[in-house]
Structure formats: C-alpha cells, structure tokens
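Below is one structure, written out as structure tokens, with a few remarks after it.
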Amino acid sequence: NRDLADTDQAVTLFSEGNTVHAIGLEMDNNAHTLKLLSHVRSEHLANAK
C-alpha cells in the first residue's frame, strides 16, 4: 500500500504559530517524510504572553 502525494504547485502548510509556503511537495506517509521542493519560506509567530 503506497501512501504518496506530490505536486509542483504552490503549497501552504499551517501549524500552531507557523506557516510554511513552498513550490512543490513530495510526501510519503508510510516513511513519514515531507519534502518541499523550492522557494521555501517560513513564518513563525512568537507567542505573546
């Protein structure tokens, strides 16, 4: 069973306090790997306390 995904399009990934933008993505869910292919940009929002 292959659990793969890929694209050459723009992608945006969100997690708590972080946003990552990239062009292209290769994901292998079985191997637990995610590869962003180009123009990777990350934004981190510091938690204001």
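By order of appearance in the structure tokens: chains A, B, ..., then residues from 1 within every chain, and ligands from 1 in the order shown.
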Please extract the residues of chain A with a backbone DSSP assignment of strand (DSSP E or B) and present them as number ranges by chain. A: 4-15, 18-28, 33-44
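All residues of protein, DNA or RNA that reach within 10 Å of Asp8 of chain A, judged by only C-alpha atoms and not counting those fewer than 6 positions away in the chain, are A:Ala22, A:Ile23, A:Gly24, A:Leu25, A:Glu26, A:Leu36, A:Leu37, A:Ser38.
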Residues near Asp3 of chain A, cut-off 10 Å, only C-alpha atoms, skip fewer than 3 positions along chain, as a ChimeraX atom specification: /A:27-32
Emit the selected residues as a short mmCIF file (atom, residue, chain, number, x, y, z; two decimals), in the first residue's frame, including C-alpha atoms.
```cif
data_model
loop_
_atom_site.label_atom_id
_atom_site.label_comp_id
_atom_site.auth_asym_id
_atom_site.auth_seq_id
_atom_site.Cartn_x
_atom_site.Cartn_y
_atom_site.Cartn_z
CA MET A 27 5.05 13.34 0.72
CA ASP A 28 5.47 9.67 1.70
CA ASN A 29 3.11 8.97 4.58
CA ASN A 30 4.47 5.44 5.12
CA ALA A 31 8.04 6.74 5.52
CA HIS A 32 6.80 9.83 7.44
#
```
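Computed from the coordinates, the atom CA of Ser42 of chain A to atom CA of Ala5 of chain A distance equals 21.1 Å.
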Neighbouring residues of His21 of chain A were defined as those with any atom within 6 Å, considering only C-alpha atoms; residues of the same chain fewer than 5 positions away were excluded. Please report them as a PyMOL selection string. chain A and resi 11-12+40-41
Next, dump the selected residues to file, keeping only N, CA and C atoms, as an mmCIF file, in the first residue's frame.
```
data_model
loop_
_atom_site.group_PDB
_atom_site.id
_atom_site.type_symbol
_atom_site.label_atom_id
_atom_site.label_comp_id
_atom_site.auth_asym_id
_atom_site.auth_seq_id
_atom_site.Cartn_x
_atom_site.Cartn_y
_atom_site.Cartn_z
ATOM 1 N N VAL A 11 2.191 25.456 -2.355
ATOM 2 C CA VAL A 11 1.575 24.830 -1.182
ATOM 3 C C VAL A 11 1.781 25.729 0.036
ATOM 4 N N THR A 12 0.858 25.639 0.971
ATOM 5 C CA THR A 12 0.967 26.347 2.246
ATOM 6 C C THR A 12 0.619 25.366 3.352
ATOM 7 N N VAL A 40 11.102 27.830 -0.572
ATOM 8 C CA VAL A 40 10.534 27.570 0.752
ATOM 9 C C VAL A 40 10.676 28.823 1.624
ATOM 10 N N ARG A 41 9.588 29.211 2.241
ATOM 11 C CA ARG A 41 9.555 30.386 3.119
ATOM 12 C C ARG A 41 8.735 30.021 4.354
#
```
In Å, how far is it from atom CA of Asn18 of chain A to atom CA of Glu43 of chain A? 5.6 Å
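For the pair atom CA of Phe14 of chain A and atom CA of Leu34 of chain A, the separation is 13.8 Å.
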